4 protein chains.
Amino acid sequence: MKMKAIVKTGPELGAELREVEAPQPSPNEVLVKVKATSICGTDVHIYQWERWAQSRIGTQRLPQILGHEMAGEVVQLGSEVHGVKIGDNVSVETHIPCGHCRQCLSGQAHICHNLKIFGVDRDGCFAEYVAVPEKVIWKNDPSISWEFASVQEPLGNAVYCTLVEPVAGKIVVIFGDGPIALFAAGVAHVSGASRVILAGMEPARLEIARKMGADQVINVLSADPVQVVLDATSGFGADVVLEMAGAPKAIVQAFKCVRKGGRVSAFGIPSEPVELDWNNAVVFRGVTVYGINGRLMFDTWNTVRQLLATKRLDIAPVVTHVLPLNDFKKGFDLMMTSPKSSGKVVLIP
Amino acid sequence: MKMKAIVKTGPELGAELREVEAPQPSPNEVLVKVKATSICGTDVHIYQWERWAQSRIGTQRLPQILGHEMAGEVVQLGSEVHGVKIGDNVSVETHIPCGHCRQCLSGQAHICHNLKIFGVDRDGCFAEYVAVPEKVIWKNDPSISWEFASVQEPLGNAVYCTLVEPVAGKIVVIFGDGPIALFAAGVAHVSGASRVILAGMEPARLEIARKMGADQVINVLSADPVQVVLDATSGFGADVVLEMAGAPKAIVQAFKCVRKGGRVSAFGIPSEPVELDWNNAVVFRGVTVYGINGRLMFDTWNTVRQLLATKRLDIAPVVTHVLPLNDFKKGFDLMMTSPKSSGKVVLIP
Amino acid sequence: MKMKAIVKTGPELGAELREVEAPQPSPNEVLVKVKATSICGTDVHIYQWERWAQSRIGTQRLPQILGHEMAGEVVQLGSEVHGVKIGDNVSVETHIPCGHCRQCLSGQAHICHNLKIFGVDRDGCFAEYVAVPEKVIWKNDPSISWEFASVQEPLGNAVYCTLVEPVAGKIVVIFGDGPIALFAAGVAHVSGASRVILAGMEPARLEIARKMGADQVINVLSADPVQVVLDATSGFGADVVLEMAGAPKAIVQAFKCVRKGGRVSAFGIPSEPVELDWNNAVVFRGVTVYGINGRLMFDTWNTVRQLLATKRLDIAPVVTHVLPLNDFKKGFDLMMTSPKSSGKVVLIP
Amino acid sequence: MKMKAIVKTGPELGAELREVEAPQPSPNEVLVKVKATSICGTDVHIYQWERWAQSRIGTQRLPQILGHEMAGEVVQLGSEVHGVKIGDNVSVETHIPCGHCRQCLSGQAHICHNLKIFGVDRDGCFAEYVAVPEKVIWKNDPSISWEFASVQEPLGNAVYCTLVEPVAGKIVVIFGDGPIALFAAGVAHVSGASRVILAGMEPARLEIARKMGADQVINVLSADPVQVVLDATSGFGADVVLEMAGAPKAIVQAFKCVRKGGRVSAFGIPSEPVELDWNNAVVFRGVTVYGINGRLMFDTWNTVRQLLATKRLDIAPVVTHVLPLNDFKKGFDLMMTSPKSSGKVVLIP
């Protein structure tokens with residue numbers, strides 16, 4: 001069977017829409033017909049063939065199909081698949097764990113010692129069909145639209161990062177205005193945060209943050225977020241800081257914004273080392289820091305489902321664009337333009 | 001100085017409005033001018049002079065001033081009070097801990113080994129003035145109205161009971177329709193519970209539950225709450241059950257409604273022993289049970305303040321009556337009538 | 001291939017040593033050559049064909065091979081097994097989860113909604129060979145003897161029950177003197193419990209408890225455990241109570257022994273309902289109760305391995321008998337005699 | 001009443017033994033006759049009048065009595081002290097909290113927003129008598145010797161740092177060989193750590209570490225601790241790393257030694273900023289970091305008491321010197337010499 005797919009073909013900017021052979025599921029895999037898929041920053045790094053993509057994927061592995069965020073319908077089962085049925089509405093956990101290491105055997109499969117990444121270490125889902133190991137299949141609540149079901153994976157990042165400790169009655173500060181930070185504003189708001197303050201630099205995205213439930217937004221180009229947060233908290237600092245910007249400066253500021261005994265969730269990925277006043281950032285102030293990568297498998301997914309299916313959380317303001325898969329170049333352009341006006345970009349095969 | 005006070009004078013139903021001498025604060029106490037005070041079920045038990053009141057308080061201690069839920073203004077300081085100022089807007093934690101026992105020294109002062117109860121073991125606050133140990137003073141956010149500030153103590157029960165573990169993305173069932181159960185419906189809703197189901201028997205209160213955020217209410221006089229919950233959860237049961245009714249039957253049902261691995265918060269106080277199928281209620285199903293008494297001192301109070309001051313939680317539907325202190329008999333009658341249409345009754349001195 | 005196996009053949013007391021066909025592993029299973037296997041109380045219930053066994057297993061399923069605690073060597077792999085190798089030294093988690101229910105997807109697979117039990121719902125390991133699903137295979141540390149590796153499953157019960165919250169610096173009381181209670185005494189001791197008190201009724205087993213690290217033992221036939229514990233704790237009660245006896249009386253006493261704010265781990269399985277003074281047992285005293293069934297998959301197994309492989313925990317006093325598989329009747333007799341002098345009985349095929 | 005005291009008199013190295021007026025307790029204070037007191041690194045910083053001491057204390061506050069670790073007997077009560085009696089055997093929590101800030105009201109008084117330090121912000125205990133606020137008095141178990149009771153405060157640092165999450169069955173690596181790191185080796189060992197590895201540079205102290213229960217010691221002058229730890233953990237890294245050295249290099253190495261999903265307790269205080277590869281240290285690897293300052297008030301003290309009074313933990317190897325108070329100069333010299341052969345130095349007034 002032939003299918004359309006967005007394929008990274010060579011070591012330069014871009015990707016191609018190609019007709020390729022559809023994959024065959026192995027015994028523990030299922031074949032999924034993709035109904036919606038969305039673009040992640042990781043896809044952009046591969047599209048741009050940045051240094052990380054060059055070393056992690058490498059030219060010799062090309063051509064490879066892009067994409068890892070998706071929702072679709074199961075159309076074929078491997079011979080040893082027993083927990084999924086033809087017709088199931090599913091999404092995919094991007095982190096493919098080995099199932100046998102120290103972490104996999106202790107409830108931390110999302111940070112498996114031998115982790116493989118869907119769409120990075122194997123073909124992804126910017127295609128009409130994709131083969132997926134049963135162990136990373138998540139069954140969707142059918143009341144969730146394909147578009148929203150597709151973005152559950154990054155929404156899961158936001159849920160895990162925000163709710164790694166409870167936020168009810170707490171003051172939450174978010175650094176960053178990318179789609180996951182915008183999701184986090186919504187998650188914190190509907191989970192009882194008493195005040196949500198988001199610091200970013202893209203006016204259109206700060207506007208989305210407000211729609212998601214941020215009580216206050218800070219444009220870091222025109223205001224000092226540390227001062228604003230201290231002013232808003234009688235000088236104590238915030239109970240919770242979610243660092244989702246990834247700039248070294250933002251990381252330093254995150255620690256200046258958190259109160260003594262508060263917590264910082266570290267999700268943003270700086271491109272260079274970070275210099276910290278360790279004593280005042282962490283030790284003397286009794287701060288707890290959680291490194292956040294991926295989502296709990298699958299406790300976070302359950303929370304995501306519950307929040308979406310019951311409409312407690314409305315993510316419509318973040319899902320700004322839905323395009324046909326054929327228009328993927330327009331989608332990537334939206335993600336790369338500055339100033340950024342897009343939130344999440346969904347592609348429909 | 002003379003003041004008005006509602007005084008339990010003898011071993012029979014009722015209480016009297018009397019003019020008595022205002023108290024003098026000892027060195028570690030403050031004198032508070034009461035601005036609002038609210039009636040608790042405990043006050044009703046004393047008012048009715050039930051068996052518990054007879055044995056806990058006893059005739060020899062009478063006359064004693066009733067009441068323990070309140071908000072007011074500090075008007076005089078004991079000589080060794082350094083953390084409170086004249087004019088501070090305050091409420092009072094009812095649990096007066098010794099400060100020296102195993103629990104007090106381990107962050108569990110609310111269940112002190114030598115606990116004294118404000119308004120039970122010493123004169124209460126149904127009066128114009130009351131003397132309060134500094135260690136149980138809580139400073140209110142001044143944006144909270146006197147009426148709402150007065151009910152923070154029972155609201156704190158609801159917050160502690162509901163949020164002893166996080167509820168975001170979880171299905172929460174509440175047994176009971178008293179004011180604290182109604183508060184809990186609101187707390188669960190604004191803290192991200194994906195579904196809140198409340199089971200009670202007073203139609204007017206079930207209506208309040210809906211206003212507070214319950215997605216579904218069950219009148220146990222006409223429906224089997226266990227069946228309704230199992231139907232609503234694909235047969236799994238709820239993630240969280242808050243038992244706030246206190247009837248042995250409700251306690252048994254609570255365990256039948258919770259899913260394997262879920263939690264039950266046990267707040268309701270049955271008047272007789274409870275017979276449980278221990279294996280299926282607790283052991284085989286890996287259920288966690290939290291006995292809930294009082295509120296964390298003062299972590300819960302901070303959450304209460306944050307939820308009220310930011311208007312994340314609106315408790316107006318529960319505060320159904322505000323009366324002058326002189327009309328206390330009407331207030332008690334509202335609490336004792338059946339079917340109950342009242343929520344929380346506030347008295348203004 | 002033929003093999004020896006202990007088979008339950010009919011609806012009466014006993015079992016037979018038979019020569020049967022060795023199983024063939026299906027694609028996701030492995031075939032294990034059993035090196036050591038041990039007798040659990042569950043096996044005794046099936047051997048005696050008690051009411052529970054009659055209804056759970058039923059005559060129509062017989063003949064069935066007994067046993068679920070084991071250690072052995074992998075000798076054959078199903079076609080889809082990728083995480084286990086021929087020659088691996090393995091044990092088996094008895095709880096076979098579905099992998100798809102609410103609990104399986106949230107780190108609680110040990111209390112799966114659709115749980116199957118190895119040796120109960122399918123053939124067990126009192127045999128020379130056994131087929132086991134890869135998902136319940138645990139790789140042993142090769143420094144652990146076959147005998148000790150075989151009892152890791154019940155030791156895991158003790159570890160989970162004891163360490164569901166930390167015990168370092170805490171006073172721990174254990175009700176029961178069965179093998180798992182005796183293990184728990186050792187686990188609590190080496191995990192920093194400041195005092196371990198075990199209450200039982202079999203003098204030989206109380207002696208084993210002392211060897212495992214119990215600082216104090218109580219024979220409940222001659223002393224009131226509640227009084228002894230209160231005397232030993234200045235009247236406060238113990239920080240932690242592990243209820244592993246299962247008698248209704250022991251359960252009632254467990255709650256009288258725990259301090260306010262302490263925790264009770266409920267592991268024992270009473271044969272009739274339990275009547276509790278709910279208010280004083282749980283609510284007023286702010287007690288936390290954990291229902292304990294099985295072991296965390298596989299976090300508990302890792303702890304077990306670490307404690308055994310490093311010799312931090314020596315379980316030799318509990319493993320009182322090692323017999324050839326052919327002598328299984330002697331083994332069952334040891335488990336059924338009273339007064340009990342045996343701890344754990346291991347069988348070697 | 002006159003008394004002997006070790007007084008910092010001027011802005012230069014050293015201190016003087018002086019006869020001064022004994023303090024009078026204010027209404028909420030008690031007067032304690034000091035039976036044993038021990039020297040902390042903080043005392044050395046003040047003794048040496050380092051930059052930190054110059055700015056934190058300042059010349060204008062001198063003369064001031066040194067010292068904060070102690071045990072003694074209550075000899076006089078302020079008028080409002082009700083929880084302590086004449087003759088009580090007590091120690092002192094160094095962190096004097098305000099009792100009214102966000103942290104004090106949420107179980108985090110040890111990192112109070114307005115923290116005062118005993119012996120830094122007010123006169124200390126290198127003296128025959130000292131006045132102490134009742135709120136920081138801890139009643140000792142009388143079975144603990146004065147010398148050991150005196151070092152409970154730094155032992156509490158070790159207990160809090162080690163047990164902020166449980167260590168039973170876990171591999172624990174400790175960076176540093178100061179007295180608190182040596183205590184931590186013992187605490188981890190008796191709390192069930194399956195393997196304790198300590199990295200330091202003073203041979204005499206590495207020897208003490210072994211006596212305290214370290215299974216393996218690393219001299220960082222001759223071996224690479226990261227490589228040693230990875231070799232000892234099959235390349236996974238340790239479950240828990242306690243960073244108690246405070247050198248930037250040690251902090252960087254601590255993160256290289258911890259496994260994915262593990263935790264780092266950050267206790268050491270570097271004298272300059274620390275540059276971290278944030279992604280690989282924290283984010284990608286899902287590491288949790290706890291800043292550790294002080295001890296929980298007073299949950300940690302209870303654990304310390306339990307471990308010492310029951311002899312579960314023997315700290316004798318660390319308490320290397322007991323000198324008369326008059327020989328304080330010898331004590332300080334022991335702390336300042338290199339290579340360091342001392343552990344904890346106790347002074348007896």
# chains A, B, ... in the order shown; residues from 1 in each chain; ligands from 1
>>> interface_residues(of="chain C", to="chain B", cutoff="9 Å", atoms="only C-alpha atoms", output="PyMOL selection string")
chain C and resi 102-103+108+111-113+236+259-261+265-279+281-294
>>> residues_around(residues="segment 222-229 of chain A", least_positions_apart="3", cutoff="12 Å", atoms="only C-alpha atoms", output="ChimeraX atom specification")
/A:171-176,195-203,216-219,232-241,249-259
>>> atom_distance(atom1="atom CA of Ala15 of chain A", atom2="atom CA of Pro179 of chain A")
22.7 Å
>>> select_by_dssp(residues="segment 122-259 of chain C", states="helix (DSSP H, G or I)", output="PyMOL selection string")
chain C and resi 134-136+146-150+152-163+179-190+203-212+225-232+248-257
>>> write_last_selection(atoms="C-alpha atoms", output="PDB file, in the first residue's frame")
ATOM      1  CA  GLU C 134       7.635 -11.943  29.876  1.00  0.00           C
ATOM      2  CA  LYS C 135       5.842  -9.019  31.540  1.00  0.00           C
ATOM      3  CA  VAL C 136       5.986 -10.684  34.970  1.00  0.00           C
ATOM      4  CA  TRP C 146      18.004 -20.008  44.654  1.00  0.00           C
ATOM      5  CA  GLU C 147      16.271 -20.577  47.993  1.00  0.00           C
ATOM      6  CA  PHE C 148      16.295 -16.904  48.907  1.00  0.00           C
ATOM      7  CA  ALA C 149      15.476 -15.813  45.348  1.00  0.00           C
ATOM      8  CA  SER C 150      12.397 -18.032  45.501  1.00  0.00           C
ATOM      9  CA  GLN C 152      11.385 -12.682  47.070  1.00  0.00           C
ATOM     10  CA  GLU C 153       7.698 -12.520  46.202  1.00  0.00           C
ATOM     11  CA  PRO C 154       6.424 -12.797  49.817  1.00  0.00           C
ATOM     12  CA  LEU C 155       9.419 -10.778  50.998  1.00  0.00           C
ATOM     13  CA  GLY C 156       8.162  -8.152  48.561  1.00  0.00           C
ATOM     14  CA  ASN C 157       4.824  -8.133  50.395  1.00  0.00           C
ATOM     15  CA  ALA C 158       6.713  -7.379  53.587  1.00  0.00           C
ATOM     16  CA  VAL C 159       8.826  -4.676  51.957  1.00  0.00           C
ATOM     17  CA  TYR C 160       5.847  -2.926  50.374  1.00  0.00           C
ATOM     18  CA  CYS C 161       3.754  -3.173  53.538  1.00  0.00           C
ATOM     19  CA  THR C 162       6.566  -1.859  55.739  1.00  0.00           C
ATOM     20  CA  LEU C 163       8.045   0.820  53.478  1.00  0.00           C
ATOM     21  CA  PRO C 179       6.533 -15.621  57.442  1.00  0.00           C
ATOM     22  CA  ILE C 180       5.634 -12.254  55.933  1.00  0.00           C
ATOM     23  CA  ALA C 181       5.322 -10.648  59.370  1.00  0.00           C
ATOM     24  CA  LEU C 182       8.695 -12.127  60.298  1.00  0.00           C
ATOM     25  CA  PHE C 183      10.206 -10.725  57.117  1.00  0.00           C
ATOM     26  CA  ALA C 184       8.645  -7.348  57.965  1.00  0.00           C
ATOM     27  CA  ALA C 185      10.404  -7.312  61.321  1.00  0.00           C
ATOM     28  CA  GLY C 186      13.705  -7.617  59.479  1.00  0.00           C
ATOM     29  CA  VAL C 187      12.800  -5.041  56.852  1.00  0.00           C
ATOM     30  CA  ALA C 188      11.739  -2.502  59.481  1.00  0.00           C
ATOM     31  CA  HIS C 189      14.882  -3.108  61.500  1.00  0.00           C
ATOM     32  CA  VAL C 190      17.352  -2.657  58.646  1.00  0.00           C
ATOM     33  CA  PRO C 203       6.644 -19.132  70.548  1.00  0.00           C
ATOM     34  CA  ALA C 204       8.982 -20.538  67.877  1.00  0.00           C
ATOM     35  CA  ARG C 205       8.038 -17.791  65.500  1.00  0.00           C
ATOM     36  CA  LEU C 206       8.429 -15.082  68.132  1.00  0.00           C
ATOM     37  CA  GLU C 207      11.943 -16.402  68.536  1.00  0.00           C
ATOM     38  CA  ILE C 208      12.513 -16.009  64.791  1.00  0.00           C
ATOM     39  CA  ALA C 209      11.153 -12.458  65.036  1.00  0.00           C
ATOM     40  CA  ARG C 210      13.863 -11.629  67.549  1.00  0.00           C
ATOM     41  CA  LYS C 211      16.513 -13.034  65.230  1.00  0.00           C
ATOM     42  CA  MET C 212      15.154 -10.888  62.420  1.00  0.00           C
ATOM     43  CA  PRO C 225      -0.591  -6.008  73.030  1.00  0.00           C
ATOM     44  CA  VAL C 226      -2.362  -2.658  73.245  1.00  0.00           C
ATOM     45  CA  GLN C 227      -1.231  -2.146  76.817  1.00  0.00           C
ATOM     46  CA  VAL C 228       2.307  -3.273  76.068  1.00  0.00           C
ATOM     47  CA  VAL C 229       2.611  -0.882  73.146  1.00  0.00           C
ATOM     48  CA  LEU C 230       1.140   2.067  75.026  1.00  0.00           C
ATOM     49  CA  ASP C 231       3.506   1.367  77.916  1.00  0.00           C
ATOM     50  CA  ALA C 232       6.447   1.254  75.516  1.00  0.00           C
ATOM     51  CA  PRO C 248     -10.703  -9.012  63.489  1.00  0.00           C
ATOM     52  CA  LYS C 249      -9.451  -8.632  67.052  1.00  0.00           C
ATOM     53  CA  ALA C 250      -5.939  -7.859  65.816  1.00  0.00           C
ATOM     54  CA  ILE C 251      -7.300  -5.241  63.422  1.00  0.00           C
ATOM     55  CA  VAL C 252      -9.186  -3.531  66.237  1.00  0.00           C
ATOM     56  CA  GLN C 253      -6.077  -3.642  68.409  1.00  0.00           C
ATOM     57  CA  ALA C 254      -3.899  -2.303  65.598  1.00  0.00           C
ATOM     58  CA  PHE C 255      -5.876   0.937  65.619  1.00  0.00           C
ATOM     59  CA  LYS C 256      -5.614   1.185  69.393  1.00  0.00           C
ATOM     60  CA  CYS C 257      -1.828   0.869  69.153  1.00  0.00           C
TER      61      CYS C 257
END
>>> residues_around(residues="Gln76 of chain A", least_positions_apart="5", cutoff="9 Å", atoms="only C-alpha atoms", output="PyMOL selection string")
chain A and resi 24-25+29-32+85-87
>>> residues_around(residues="segment 346-348 of chain D", least_positions_apart="3", cutoff="10 Å", atoms="only C-alpha atoms", output="list of chain:residue names")
D:Val34, D:Lys35, D:Ala36, D:Thr37, D:Ser38, D:Ile39, D:Cys40, D:Glu69, D:Met70, D:Phe126, D:Ala127, D:Glu128, D:Trp146, D:Glu147, D:Phe148, D:Ser150, D:Val151, D:Val319, D:Thr320, D:His321, D:Val322, D:Leu323, D:Pro324, D:Leu325, D:Asn326, D:Asp327, D:Phe328, D:Gly331, D:Gly343
>>> write_last_selection(atoms="C-alpha atoms", output="mmCIF file, in the first residue's frame")
data_model
loop_
_atom_site.group_PDB
_atom_site.id
_atom_site.type_symbol
_atom_site.label_atom_id
_atom_site.label_comp_id
_atom_site.auth_asym_id
_atom_site.auth_seq_id
_atom_site.Cartn_x
_atom_site.Cartn_y
_atom_site.Cartn_z
ATOM 1 C CA VAL D 34 25.475 24.497 79.282
ATOM 2 C CA LYS D 35 26.776 20.950 79.810
ATOM 3 C CA ALA D 36 28.366 20.415 76.397
ATOM 4 C CA THR D 37 28.762 22.499 73.259
ATOM 5 C CA SER D 38 30.402 21.717 69.953
ATOM 6 C CA ILE D 39 32.214 23.665 67.264
ATOM 7 C CA CYS D 40 30.595 24.172 63.869
ATOM 8 C CA GLU D 69 25.416 23.538 69.134
ATOM 9 C CA MET D 70 24.732 22.498 72.716
ATOM 10 C CA PHE D 126 30.163 28.809 74.278
ATOM 11 C CA ALA D 127 29.537 29.815 77.878
ATOM 12 C CA GLU D 128 28.369 28.482 81.214
ATOM 13 C CA TRP D 146 25.781 15.361 76.930
ATOM 14 C CA GLU D 147 28.467 15.085 74.241
ATOM 15 C CA PHE D 148 26.189 13.336 71.797
ATOM 16 C CA SER D 150 25.291 18.551 71.864
ATOM 17 C CA VAL D 151 25.858 17.443 68.277
ATOM 18 C CA VAL D 319 32.985 12.769 67.909
ATOM 19 C CA THR D 320 36.768 12.630 67.943
ATOM 20 C CA HIS D 321 37.589 15.241 70.591
ATOM 21 C CA VAL D 322 36.071 16.320 73.899
ATOM 22 C CA LEU D 323 37.927 19.247 75.512
ATOM 23 C CA PRO D 324 37.329 21.619 78.397
ATOM 24 C CA LEU D 325 35.818 24.930 77.253
ATOM 25 C CA ASN D 326 39.022 26.644 78.416
ATOM 26 C CA ASP D 327 40.892 24.775 75.647
ATOM 27 C CA PHE D 328 38.696 26.236 72.915
ATOM 28 C CA GLY D 331 39.528 22.972 69.437
ATOM 29 C CA GLY D 343 35.615 14.925 63.283
#
>>> select_by_dssp(residues="segment 193-253 of chain A", states="strand (DSSP E or B)", output="JSON, numbers by chain")
{"A": [195, 196, 197, 198, 199, 200, 216, 217, 218, 219, 238, 239, 240, 241, 242, 243]}
>>> write_last_selection(atoms="all heavy atoms", output="short mmCIF file (atom, residue, chain, number, x, y, z; two decimals), in the first residue's frame")
data_model
loop_
_atom_site.label_atom_id
_atom_site.label_comp_id
_atom_site.auth_asym_id
_atom_site.auth_seq_id
_atom_site.Cartn_x
_atom_site.Cartn_y
_atom_site.Cartn_z
N ARG A 195 -3.13 32.23 41.54
CA ARG A 195 -2.68 33.29 40.64
C ARG A 195 -1.69 32.67 39.67
O ARG A 195 -0.78 31.96 40.07
CB ARG A 195 -2.01 34.42 41.43
CG ARG A 195 -1.67 35.63 40.59
CD ARG A 195 -1.32 36.85 41.44
NE ARG A 195 -1.23 38.04 40.60
CZ ARG A 195 -2.29 38.75 40.18
NH1 ARG A 195 -3.49 38.42 40.59
NH2 ARG A 195 -2.13 39.78 39.37
N VAL A 196 -1.88 32.96 38.37
CA VAL A 196 -0.98 32.46 37.34
C VAL A 196 -0.37 33.66 36.63
O VAL A 196 -1.09 34.51 36.11
CB VAL A 196 -1.73 31.57 36.32
CG1 VAL A 196 -0.79 31.13 35.20
CG2 VAL A 196 -2.36 30.37 37.00
N ILE A 197 0.96 33.73 36.66
CA ILE A 197 1.68 34.83 36.03
C ILE A 197 2.59 34.24 34.96
O ILE A 197 3.38 33.35 35.26
CB ILE A 197 2.53 35.60 37.06
CG1 ILE A 197 1.67 36.08 38.24
CG2 ILE A 197 3.28 36.76 36.41
CD1 ILE A 197 2.46 36.70 39.39
N LEU A 198 2.46 34.69 33.73
CA LEU A 198 3.29 34.14 32.64
C LEU A 198 4.18 35.22 32.05
O LEU A 198 3.71 36.32 31.74
CB LEU A 198 2.40 33.51 31.57
CG LEU A 198 3.17 32.80 30.43
CD1 LEU A 198 2.45 31.52 29.99
CD2 LEU A 198 3.34 33.73 29.23
N ALA A 199 5.47 34.91 31.93
CA ALA A 199 6.45 35.84 31.39
C ALA A 199 6.93 35.36 30.03
O ALA A 199 7.45 34.25 29.91
CB ALA A 199 7.64 35.97 32.34
N GLY A 200 6.75 36.18 28.99
CA GLY A 200 7.19 35.81 27.65
C GLY A 200 7.57 37.05 26.87
O GLY A 200 7.73 38.13 27.45
N GLN A 216 -2.03 37.32 34.95
CA GLN A 216 -1.12 38.44 34.70
C GLN A 216 -0.07 37.96 33.72
O GLN A 216 0.39 36.81 33.80
CB GLN A 216 -0.45 38.80 36.04
CG GLN A 216 0.39 40.04 36.04
CD GLN A 216 0.91 40.38 37.45
OE1 GLN A 216 0.57 39.70 38.42
NE2 GLN A 216 1.71 41.40 37.56
N VAL A 217 0.28 38.80 32.76
CA VAL A 217 1.36 38.44 31.84
C VAL A 217 2.44 39.52 31.91
O VAL A 217 2.15 40.67 32.22
CB VAL A 217 0.88 38.26 30.38
CG1 VAL A 217 -0.12 37.12 30.28
CG2 VAL A 217 0.31 39.55 29.84
N ILE A 218 3.67 39.11 31.66
CA ILE A 218 4.81 40.02 31.71
C ILE A 218 5.53 39.91 30.37
O ILE A 218 5.90 38.82 29.95
CB ILE A 218 5.80 39.60 32.82
CG1 ILE A 218 5.10 39.47 34.17
CG2 ILE A 218 6.97 40.59 32.88
CD1 ILE A 218 5.97 38.79 35.24
N ASN A 219 5.73 41.06 29.71
CA ASN A 219 6.59 41.03 28.54
C ASN A 219 8.01 41.33 29.01
O ASN A 219 8.31 42.44 29.44
CB ASN A 219 6.12 42.04 27.49
CG ASN A 219 6.87 41.81 26.17
OD1 ASN A 219 8.06 41.48 26.19
ND2 ASN A 219 6.18 41.96 25.06
N ALA A 238 7.09 33.42 44.38
CA ALA A 238 5.99 32.52 44.03
C ALA A 238 6.19 31.15 44.67
O ALA A 238 7.32 30.72 44.92
CB ALA A 238 5.92 32.37 42.51
N ASP A 239 5.08 30.46 44.92
CA ASP A 239 5.17 29.09 45.44
C ASP A 239 5.79 28.15 44.42
O ASP A 239 6.50 27.20 44.77
CB ASP A 239 3.76 28.59 45.78
CG ASP A 239 3.07 29.43 46.83
OD1 ASP A 239 3.63 29.56 47.93
OD2 ASP A 239 1.98 29.97 46.55
N VAL A 240 5.46 28.38 43.17
CA VAL A 240 5.83 27.46 42.09
C VAL A 240 6.32 28.26 40.90
O VAL A 240 5.69 29.25 40.52
CB VAL A 240 4.58 26.64 41.66
CG1 VAL A 240 4.90 25.75 40.46
CG2 VAL A 240 4.03 25.83 42.82
N VAL A 241 7.44 27.85 40.33
CA VAL A 241 7.89 28.45 39.08
C VAL A 241 8.10 27.33 38.06
O VAL A 241 8.80 26.35 38.34
CB VAL A 241 9.20 29.26 39.26
CG1 VAL A 241 9.67 29.82 37.92
CG2 VAL A 241 8.99 30.39 40.26
N LEU A 242 7.48 27.50 36.89
CA LEU A 242 7.66 26.56 35.79
C LEU A 242 8.60 27.21 34.78
O LEU A 242 8.22 28.20 34.14
CB LEU A 242 6.31 26.23 35.14
CG LEU A 242 5.16 25.87 36.08
CD1 LEU A 242 3.88 25.59 35.28
CD2 LEU A 242 5.52 24.68 36.95
N GLU A 243 9.80 26.66 34.66
CA GLU A 243 10.77 27.25 33.73
C GLU A 243 10.62 26.54 32.39
O GLU A 243 11.07 25.41 32.24
CB GLU A 243 12.18 27.12 34.30
CG GLU A 243 13.13 28.15 33.74
CD GLU A 243 13.26 28.07 32.21
OE1 GLU A 243 13.74 27.03 31.72
OE2 GLU A 243 12.86 29.03 31.52
#
>>> atom_distance(atom1="atom CA of Gln306 of chain C", atom2="atom CA of Ser194 of chain D")
5.6 Å
>>> atom_distance(atom1="atom CA of Tyr47 of chain C", atom2="atom CA of Leu17 of chain C")
12.7 Å
>>> closest_residue(among="C:Pro27, C:Arg51, C:Arg122, C:Cys104", to="Pro63 of chain C", atoms="only C-alpha atoms")
C:Arg122
